[in-house]
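What follows is a single structure, written as structure tokens, with notes after it.
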Amino acid sequence: MIPPPALALFGYALAGPFDLFRMGVTYCVGGYDRVGYVVNSACGAPSVVRQHSEWHDHVFVTDGKRCWHCFDEVDDTCENAFLLDYPQFRPVDPFGRECQDHAAADELWAHVVDGRAATPPPPPPATLRPVVDPVASGPHAAGDTISVRAAVRDDAGDVFPVAGGSFRLRAEDGTTTTVRGTRRADGTVVADLVLPASSKLSVEFVPDAPTVGANQVYQDAQGTPLQLVVDACRYRARIEAPPPGTALSSGTPAVVRVSLYDKENAVPATGATSPALRVSVVVAGGEPTSLPVSPGLEAIFTPPPAAAPAEARLSASGEAGGYPVCPAGEVGVYYSDLGIAFDASSLPTRCYVGLRCAGVATILRPGEPGARARVDALLADPAVEVVFSDNGKELYRGPARADDRYALSVTHAATGTHSLVLEVYRGGAALTRMPRHDVAVREPLVLSVVDHIDLGAREAGSAWHANCVNLDMSASQAAAEHRWEMWVDGLDGCTARVVLGRANAAGRPESLSLSERVTVDAFDPDQPYFPICLHPASCAADVSSGGAALHLVPLTPEFAAQARAIPLRWTVTGLPWYRCHGWWLFPTLATGTLVALFLGVVRPARFPAGAAIRVASNEANLRRAQGILLRGCAGGRPRLFRDAQLGVHGSGDVSGSTRGAPVCLRATRDRGVVLEGPGPLDIFDAASRKWRPVEDLHAGHSPSPRAVYRAGGTCFKVDPE
């Protein structure tokens, strides 16, 4: 008898690559685009996915020229059919250097359904828009934290994966707050928002720029805002029942009990009269609906039909005693036609080759007695089996466990995507199943970096972005898939600082000080390095201390032991005093010089406009002598830093030359004109009819208009005005 594997090989050889109907082979090989670690694939397009009941990305392959993305129906067909038929292809890490060149996301290489080539219909032009999923509008209280979810969706509402995004809260006064969201495995982005004090508030989703295909158009960078009402709430409405995570049965009314608490949600409210409340229900991402709350603070929620388990989020709000009542958070419950739901929150979303991949999937039974009795009887039926499978490989098959917990504990030998499915069968027919939970199996982190970083000899005052050394991560395995924490210690006594360089949203360089702990998201595998830069002090010389070290710690718990402390070295040469202080000293000196020159021009005193002097050889001739304006004399104007002055010489000459002159006339700001000089200078005393010496010539004598002076053989009178 020929063994089954040999028959399979023989069948493939006879059938050829695209005539595999007898083997039931289904796969798709197509191009892809990626932004960071978000991958959009041709085989993941809605027009392809709609042709398959089970579909997941299985492996990336290359023909040595370009890389492609292979999907199959939760089995190993990509490997045991496609790679067998096309030996020129081999599996490859899509984020490694081999896949820098890959086919575009709108290019299909092969699409095989049940052994025959399948060509999907050309998709209609798709418009992609950011959408914030609805939440209960409120009122909410300022300071409350609400969870919001958003995504980029096409016209059919399908999620177009993006690398991430931010939520922008816009208050009524126009002020905005931006909160970075967290990307989930399903391509949506979630965030917890703390509401500011504003009567009206809008929430916008701003996604990271997606890479779109040729048949797609991305519109409206902010999307339609989500409107919220914020008020000063006196009370809180808390959903007491059903508890979070409860399973409900479609069509079976469930009692929703509400309690009123004080505004801090700490103690039951007292004095809350005439409560008029409503329960807001957001079902499976639809618009919120309201349920009336009775005077006994109860509402009735009847879950709608749902063949597969769906989620509803419940919250209560309204008013009591004329005061607003805000919700005390949301309660998430599940519902389905059978009343069975599933909890996959304890299952991992990422595992690593060679490491244990563990988690638990749980069946949730309804709490309502009638529905619970029906589900208990169903799961106790001997014809009912529970199957827990990983890529079609059964991890468990048998009767329902008493604790409803089904464990995953495997160690994978290769990378790929593993789809976990928990199903309930009766008589071989599937009754219900857990939404498929995908686990990405990746290569484990193997950190390989240099044993030290030498930042070299730098000059004090140089720009930080000119003093960088790249910490190369390319020799490490799978390093780009992890988040990191970095900081530098051992800088005691150092004047220089170490920073992490990066480009901001505008593409300009900016730095993060590594004196504090810095969290770094997964970096782009096309640029596998961290720029470590030195920011020298302005003037001082510096040298690294012996204990200076860069700490590089992976934040993935499985690889925390691979943390590194990388010694740092550098030398900074100081600047000469003129280069160090020249930036302020030289401009200051230049400014001071200009100010001094200005003052040297405007500060010297000028002779009064009417000041004049009469000069004669004797006293009798002074009566006939003509007055000479001091400003009109040669040299009678002020000079730089020198008041206007004139010399009165013994020959009777009055000029700007003061050398040898016994008396000088000098302009002053306060007294107009003064006489000074070596002398001698006499003044005629009219009372005694005699000449007497001027005693205060050395200090500056203020002349009298009627006084007659004699210097040597020259007599003169000064009119200071």
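Residue numbering restarts at 1 for every chain of the structure tokens, chains are lettered A, B, ... in their displayed order, and ligands are numbered from 1 as they appear.
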Would you mind listing what lies within 7 Å of Arg234 of chain A as a list in words, with only C-alpha atoms counted and same-chain residues fewer than 5 positions away left out?
->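 So the residues in contact are Asp262, Lys263, Tyr323, Pro324 and Val325 of chain A.
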Store the residues picked out above in a file with all heavy atoms, as a short mmCIF file (atom, residue, chain, number, x, y, z; two decimals), in the first residue's frame.
```
data_model
loop_
_atom_site.label_atom_id
_atom_site.label_comp_id
_atom_site.auth_asym_id
_atom_site.auth_seq_id
_atom_site.Cartn_x
_atom_site.Cartn_y
_atom_site.Cartn_z
N ASP A 262 -22.55 58.98 44.83
CA ASP A 262 -22.16 60.38 44.83
C ASP A 262 -21.24 60.65 43.63
O ASP A 262 -20.88 59.74 42.88
CB ASP A 262 -21.48 60.76 46.14
CG ASP A 262 -20.15 60.03 46.35
OD1 ASP A 262 -19.77 59.21 45.49
OD2 ASP A 262 -19.49 60.28 47.37
N LYS A 263 -20.88 61.90 43.46
CA LYS A 263 -20.15 62.28 42.24
C LYS A 263 -18.77 61.65 42.17
O LYS A 263 -18.19 61.54 41.08
CB LYS A 263 -20.05 63.79 42.13
CG LYS A 263 -19.27 64.47 43.26
CD LYS A 263 -19.27 65.97 43.06
CE LYS A 263 -18.52 66.69 44.18
NZ LYS A 263 -18.54 68.16 43.98
N TYR A 323 -30.49 67.48 39.00
CA TYR A 323 -29.05 67.53 38.79
C TYR A 323 -28.64 66.46 37.78
O TYR A 323 -29.22 65.36 37.75
CB TYR A 323 -28.30 67.31 40.10
CG TYR A 323 -28.51 68.41 41.12
CD1 TYR A 323 -29.43 68.24 42.15
CD2 TYR A 323 -27.79 69.60 41.05
CE1 TYR A 323 -29.63 69.24 43.09
CE2 TYR A 323 -27.98 70.60 41.99
CZ TYR A 323 -28.91 70.42 43.00
OH TYR A 323 -29.10 71.40 43.92
N PRO A 324 -27.60 66.73 36.97
CA PRO A 324 -27.14 65.72 36.01
C PRO A 324 -26.56 64.50 36.72
O PRO A 324 -25.96 64.60 37.80
CB PRO A 324 -26.06 66.46 35.20
CG PRO A 324 -26.30 67.91 35.45
CD PRO A 324 -26.88 68.01 36.82
N VAL A 325 -26.76 63.36 36.09
CA VAL A 325 -26.20 62.09 36.57
C VAL A 325 -25.29 61.56 35.47
O VAL A 325 -25.71 61.38 34.32
CB VAL A 325 -27.30 61.06 36.87
CG1 VAL A 325 -26.68 59.73 37.30
CG2 VAL A 325 -28.24 61.58 37.96
#
```
Selection: 10 Å around Asp451 of chain A, only C-alpha atoms, excl. self and same-chain fewer than 5 positions, as a list in words =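 Surrounding residues, per the criterion: Arg564, Ala565, Ile566, Pro567 and Leu568 of chain A.
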The selected residues should be written to file as a PDB file, in the first residue's frame (atoms: C-alpha atoms).
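Saved the output as out19.pdb:
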```pdb
ATOM      1  CA  ARG A 564      22.629  45.697  28.006  1.00  0.00           C
ATOM      2  CA  ALA A 565      24.718  48.372  29.687  1.00  0.00           C
ATOM      3  CA  ILE A 566      26.973  49.800  26.960  1.00  0.00           C
ATOM      4  CA  PRO A 567      29.945  51.911  28.152  1.00  0.00           C
ATOM      5  CA  LEU A 568      30.217  55.386  26.639  1.00  0.00           C
TER       6      LEU A 568
END
```
Identify, on the basis of only C-alpha atoms, every residue whose closest approach to segment 351-355 of chain A does not exceed 12 Å; exclude the query and any residue fewer than 2 positions from it along the same chain; express the result as a PyMOL selection string.
-> chain A and resi 347-349+357-359+408-418+438-446+477-478+481+556-559
Which polymer residues have any atom within 10 Å of an atom of Val518 of chain A, counting only C-alpha atoms, with same-chain residues fewer than 2 positions away left out, as a ChimeraX atom specification?
-> /A:484-488,499-500,512-516,520-521
Write the residues you've just listed into a file as a short mmCIF file (atom, residue, chain, number, x, y, z; two decimals), in the first residue's frame, and include N, CA and C atoms for each of them.
```cif
data_model
loop_
_atom_site.label_atom_id
_atom_site.label_comp_id
_atom_site.auth_asym_id
_atom_site.auth_seq_id
_atom_site.Cartn_x
_atom_site.Cartn_y
_atom_site.Cartn_z
N TRP A 484 11.55 49.57 23.53
CA TRP A 484 12.79 49.62 24.31
C TRP A 484 12.72 50.75 25.32
N GLU A 485 13.45 50.54 26.38
CA GLU A 485 13.66 51.61 27.36
C GLU A 485 15.15 51.91 27.38
N MET A 486 15.48 53.20 27.35
CA MET A 486 16.88 53.62 27.28
C MET A 486 17.13 54.73 28.28
N TRP A 487 18.31 54.72 28.86
CA TRP A 487 18.75 55.83 29.70
C TRP A 487 20.27 55.73 29.88
N VAL A 488 20.86 56.81 30.35
CA VAL A 488 22.31 56.87 30.59
C VAL A 488 22.54 57.23 32.04
N VAL A 499 22.07 62.39 24.40
CA VAL A 499 20.67 62.48 23.97
C VAL A 499 20.43 61.45 22.87
N LEU A 500 19.15 61.14 22.69
CA LEU A 500 18.71 60.27 21.59
C LEU A 500 18.17 61.15 20.48
N LEU A 512 15.95 63.71 22.62
CA LEU A 512 15.38 63.30 23.89
C LEU A 512 16.52 63.06 24.86
N SER A 513 16.50 63.75 25.98
CA SER A 513 17.57 63.59 26.96
C SER A 513 17.54 62.18 27.54
N LEU A 514 18.69 61.53 27.54
CA LEU A 514 18.80 60.19 28.11
C LEU A 514 19.21 60.24 29.57
N SER A 515 19.22 61.43 30.15
CA SER A 515 19.44 61.50 31.60
C SER A 515 18.24 60.93 32.34
N GLU A 516 17.07 60.92 31.67
CA GLU A 516 15.88 60.27 32.19
C GLU A 516 15.56 59.07 31.32
N VAL A 520 11.09 53.90 23.74
CA VAL A 520 11.18 54.00 22.28
C VAL A 520 10.32 52.91 21.68
N ASP A 521 9.37 53.30 20.82
CA ASP A 521 8.55 52.32 20.12
C ASP A 521 9.39 51.59 19.09
#
```
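Proximity to Glu54 of chain A was assessed for A:Leu169, A:Val498, A:Leu420, A:Ala373 counting only C-alpha atoms; the smallest distance is recorded for A:Leu420.
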Might you pull out every residue within 10 Å of Val132 of chain A, with only C-alpha atoms counted and same-chain residues fewer than 2 positions away left off, and present them as an MDAnalysis selection string?
-> chainID A and resid 129:130 134:135 148:153 167 188:190 203:206 222:226 285
What are the nearest atom pairs, with distances in Å to one decimal, for all residues of segment 82-152 of chain A that come at most 10 Å from segment 29-44 of chain A, using only C-alpha atoms, set out by chain and rising residue number as CSV?
```
residue,atom,partner,partner_atom,distance
A:Phe82,CA,A:Val29,CA,8.7
A:Pro94,CA,A:Tyr37,CA,9.6
A:Phe95,CA,A:Tyr37,CA,8.0
A:His102,CA,A:Gly31,CA,6.6
A:Ala103,CA,A:Gly31,CA,4.2
A:Ala104,CA,A:Gly31,CA,4.7
A:Ala105,CA,A:Tyr32,CA,3.8
A:Asp106,CA,A:Ala42,CA,5.1
A:Glu107,CA,A:Gly31,CA,5.3
A:Leu108,CA,A:Gly30,CA,4.2
A:Trp109,CA,A:Gly30,CA,5.1
A:Ala110,CA,A:Val29,CA,5.1
A:His111,CA,A:Val29,CA,6.3
A:Val112,CA,A:Val29,CA,8.9
```
To one decimal place, how far is atom CA of Cys533 of chain A from atom CA of Gln562 of chain A in Å?
-> 23.2 Å
Can you list, as a compact mmCIF listing (two decimals) with N, CA, C and O atoms, in the first residue's frame, every protein, DNA or RNA residue that comes within 10 Å of Asp670 of chain A when you count only C-alpha atoms, leaving out same-chain residues fewer than 3 positions away?
```
# COMPACT_ATOMS: atom_id res chain seq x y z
N ALA A 605 29.70 120.16 25.33
CA ALA A 605 28.90 121.40 25.40
C ALA A 605 29.27 122.36 24.29
O ALA A 605 30.41 122.42 23.81
N ALA A 667 32.99 126.08 26.91
CA ALA A 667 31.53 125.95 27.03
C ALA A 667 31.19 124.90 28.08
O ALA A 667 31.85 123.87 28.20
N VAL A 673 29.46 129.62 29.79
CA VAL A 673 30.87 129.85 29.46
C VAL A 673 31.63 130.06 30.76
O VAL A 673 31.16 130.76 31.66
```
DSSP alpha helix (DSSP H) selection over segment 435-615 of chain A, as a list of chain:residue names =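 Alpha helix (DSSP H) assignments inside segment 435-615 of chain A correspond to A:Trp577, A:Tyr578, A:Arg579, A:Cys580, A:His581, A:Gly582, A:Trp583, A:Trp584, A:Leu585, A:Phe586, A:Pro587, A:Thr588, A:Leu589, A:Ala590, A:Thr591, A:Gly592, A:Thr593, A:Leu594, A:Val595, A:Ala596, A:Leu597, A:Phe598, A:Leu599, A:Gly600, A:Val601, A:Val602.
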Segment 92-314 of chain A: which residues are strand (DSSP E or B) by DSSP, as a PyMOL selection string?
-> chain A and resi 102+108-113+116-117+126-132+140-141+145-153+159-160+165-171+176-180+182-183+189-194+200-207+216-218+226-231+235-241+247-249+254-262+268+276-283+289-292+298-301+310-314
Just to be explicit: take each residue in the selection above, keep C-alpha atoms, and write the result as a short mmCIF file (atom, residue, chain, number, x, y, z; two decimals), in the first residue's frame.
```
data_model
loop_
_atom_site.label_atom_id
_atom_site.label_comp_id
_atom_site.auth_asym_id
_atom_site.auth_seq_id
_atom_site.Cartn_x
_atom_site.Cartn_y
_atom_site.Cartn_z
CA HIS A 102 8.48 43.31 -2.33
CA LEU A 108 -1.74 39.00 -7.10
CA TRP A 109 0.75 36.30 -8.11
CA ALA A 110 -1.58 33.33 -7.66
CA HIS A 111 -5.03 32.75 -6.17
CA VAL A 112 -6.10 29.09 -6.06
CA VAL A 113 -9.46 27.88 -4.73
CA ARG A 116 -8.29 25.88 -9.60
CA ALA A 117 -7.13 29.37 -10.41
CA ALA A 126 -12.61 52.26 -2.28
CA THR A 127 -12.68 55.41 -0.21
CA LEU A 128 -10.86 55.13 3.10
CA ARG A 129 -11.88 57.37 6.00
CA PRO A 130 -10.96 57.65 9.66
CA VAL A 131 -13.95 56.70 11.83
CA VAL A 132 -14.37 56.98 15.60
CA HIS A 140 -19.82 62.86 31.34
CA ALA A 141 -18.01 64.66 34.12
CA THR A 145 -11.75 58.64 31.65
CA ILE A 146 -13.53 57.06 28.71
CA SER A 147 -12.28 54.42 26.28
CA VAL A 148 -12.62 55.16 22.58
CA ARG A 149 -11.83 53.11 19.52
CA ALA A 150 -11.23 54.25 15.96
CA ALA A 151 -10.05 52.87 12.64
CA VAL A 152 -9.58 53.70 9.00
CA ARG A 153 -12.49 51.97 7.23
CA VAL A 159 -10.89 47.98 8.74
CA PHE A 160 -7.89 49.15 6.74
CA GLY A 165 -2.86 57.13 15.31
CA SER A 166 -3.82 59.82 17.77
CA PHE A 167 -7.05 61.17 19.22
CA ARG A 168 -7.58 64.92 19.29
CA LEU A 169 -9.93 66.35 21.91
CA ARG A 170 -11.27 69.77 20.97
CA ALA A 171 -12.94 71.82 23.70
CA THR A 176 -7.03 70.89 21.81
CA THR A 177 -5.39 67.95 23.55
CA THR A 178 -3.76 65.11 21.61
CA VAL A 179 -3.53 61.57 23.02
CA ARG A 180 -1.55 58.86 21.29
CA THR A 182 -2.52 52.00 20.96
CA ARG A 183 -2.90 49.82 17.91
CA VAL A 189 -6.63 52.05 17.54
CA VAL A 190 -7.79 52.51 21.14
CA ALA A 191 -7.08 55.10 23.83
CA ASP A 192 -8.26 56.17 27.26
CA LEU A 193 -9.19 59.86 27.20
CA VAL A 194 -9.39 62.10 30.25
CA LYS A 200 -19.10 70.45 24.60
CA LEU A 201 -16.29 68.24 23.42
CA SER A 202 -15.43 66.64 20.09
CA VAL A 203 -13.07 63.71 19.55
CA GLU A 204 -11.28 63.28 16.21
CA PHE A 205 -9.11 60.40 15.04
CA VAL A 206 -5.90 61.35 13.24
CA PRO A 207 -4.33 58.15 11.86
CA GLN A 216 -8.03 53.30 -3.03
CA VAL A 217 -8.44 56.94 -2.06
CA TYR A 218 -7.71 58.24 1.42
CA LEU A 226 -17.40 62.21 17.95
CA GLN A 227 -19.51 64.63 19.99
CA LEU A 228 -19.58 64.33 23.79
CA VAL A 229 -21.46 66.26 26.46
CA VAL A 230 -19.54 67.23 29.61
CA ASP A 231 -21.38 68.53 32.65
CA TYR A 235 -24.42 61.85 40.99
CA ARG A 236 -23.07 58.72 39.31
CA ALA A 237 -25.10 55.90 37.82
CA ARG A 238 -23.44 52.51 38.19
CA ILE A 239 -24.48 49.32 36.35
CA GLU A 240 -24.69 46.71 39.11
CA ALA A 241 -26.06 43.88 37.01
CA ALA A 247 -23.05 36.02 28.56
CA LEU A 248 -26.67 36.71 27.57
CA SER A 249 -29.09 34.83 25.36
CA ALA A 254 -32.09 40.61 30.93
CA VAL A 255 -32.55 42.91 33.92
CA VAL A 256 -30.13 45.81 34.06
CA ARG A 257 -29.93 47.13 37.64
CA VAL A 258 -28.66 50.64 38.27
CA SER A 259 -27.50 52.26 41.52
CA LEU A 260 -26.91 55.93 42.25
CA TYR A 261 -23.70 57.06 43.92
CA ASP A 262 -22.16 60.38 44.83
CA PRO A 268 -24.44 55.43 47.61
CA ALA A 276 -34.94 60.03 35.46
CA LEU A 277 -32.30 57.73 34.05
CA ARG A 278 -31.68 55.84 30.85
CA VAL A 279 -29.36 52.98 29.95
CA SER A 280 -27.25 53.55 26.85
CA VAL A 281 -26.53 50.41 24.82
CA VAL A 282 -23.87 50.30 22.12
CA VAL A 283 -24.27 47.01 20.28
CA THR A 289 -29.71 53.22 21.83
CA SER A 290 -31.48 54.10 25.07
CA LEU A 291 -33.50 51.96 27.47
CA PRO A 292 -35.86 53.58 30.00
CA GLU A 298 -34.13 48.73 36.57
CA ALA A 299 -34.17 48.46 32.78
CA ILE A 300 -34.80 45.55 30.47
CA PHE A 301 -32.26 44.73 27.76
CA ALA A 310 -21.34 39.83 19.93
CA GLU A 311 -20.55 42.51 22.50
CA ALA A 312 -22.79 45.20 23.99
CA ARG A 313 -21.54 48.05 26.16
CA LEU A 314 -23.92 49.35 28.82
#
```
Got a sec: who's within 12 Å of Leu431 of chain A, counting only C-alpha atoms, leaving out chain neighbours fewer than 4 positions off, as a list in words?
-> Ala307, Ala308, Pro309, Ser336, Asp337, Leu338, Gly339, Ile340, Ala341, Val375, Leu378, Leu379, Ala383, Val384, Glu385, Val386, Val387, Leu422, Glu423, Val424, Tyr425, Arg426 and Gly427 of chain A
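When atom CA of Ala625 of chain A is paired with atom CA of Ala612 of chain A, their separation reads 11.7 Å.
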Could you state the separation of atom CA of Thr175 of chain A and atom CA of Thr519 of chain A in Å, given to one decimal place?
->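 The value is 27.4 Å.
Among A:Leu83, A:Ala596, A:Val333, A:Leu555, the residue with the shortest atom-to-atom distance to Pro244 of chain A, counting only C-alpha atoms, is A:Val333.
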Go through A:Gly461, A:Gly712, A:Gly656, A:Pro678 and flag the residue nearest Asp696 of chain A, using only C-alpha atoms for the distances.
->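 Ranked by minimum distance to Asp696 of chain A, first place goes to A:Pro678.
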Taking into account only C-alpha atoms, which residue in the set A:Ser315, A:Ser448, A:Gln219, A:Thr495 is nearest to Met473 of chain A?
->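 For Met473 of chain A, the nearest of the given residues is A:Ser448.
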Quick one: of A:Gly370, A:Pro46, A:Pro196, A:Gly322, who's nearest to Gly271 of chain A, counting only C-alpha atoms?
->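 Between A:Gly370, A:Pro46, A:Pro196, A:Gly322, the residue approaching Gly271 of chain A most closely is A:Gly322.
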Measuring atom to atom with only C-alpha atoms, identify which of A:Val267, A:Val572, A:Leu471, A:Cys664 is nearest to Val543 of chain A.
->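 When distances to Val543 of chain A are compared using only C-alpha atoms, the smallest one comes from A:Val572.
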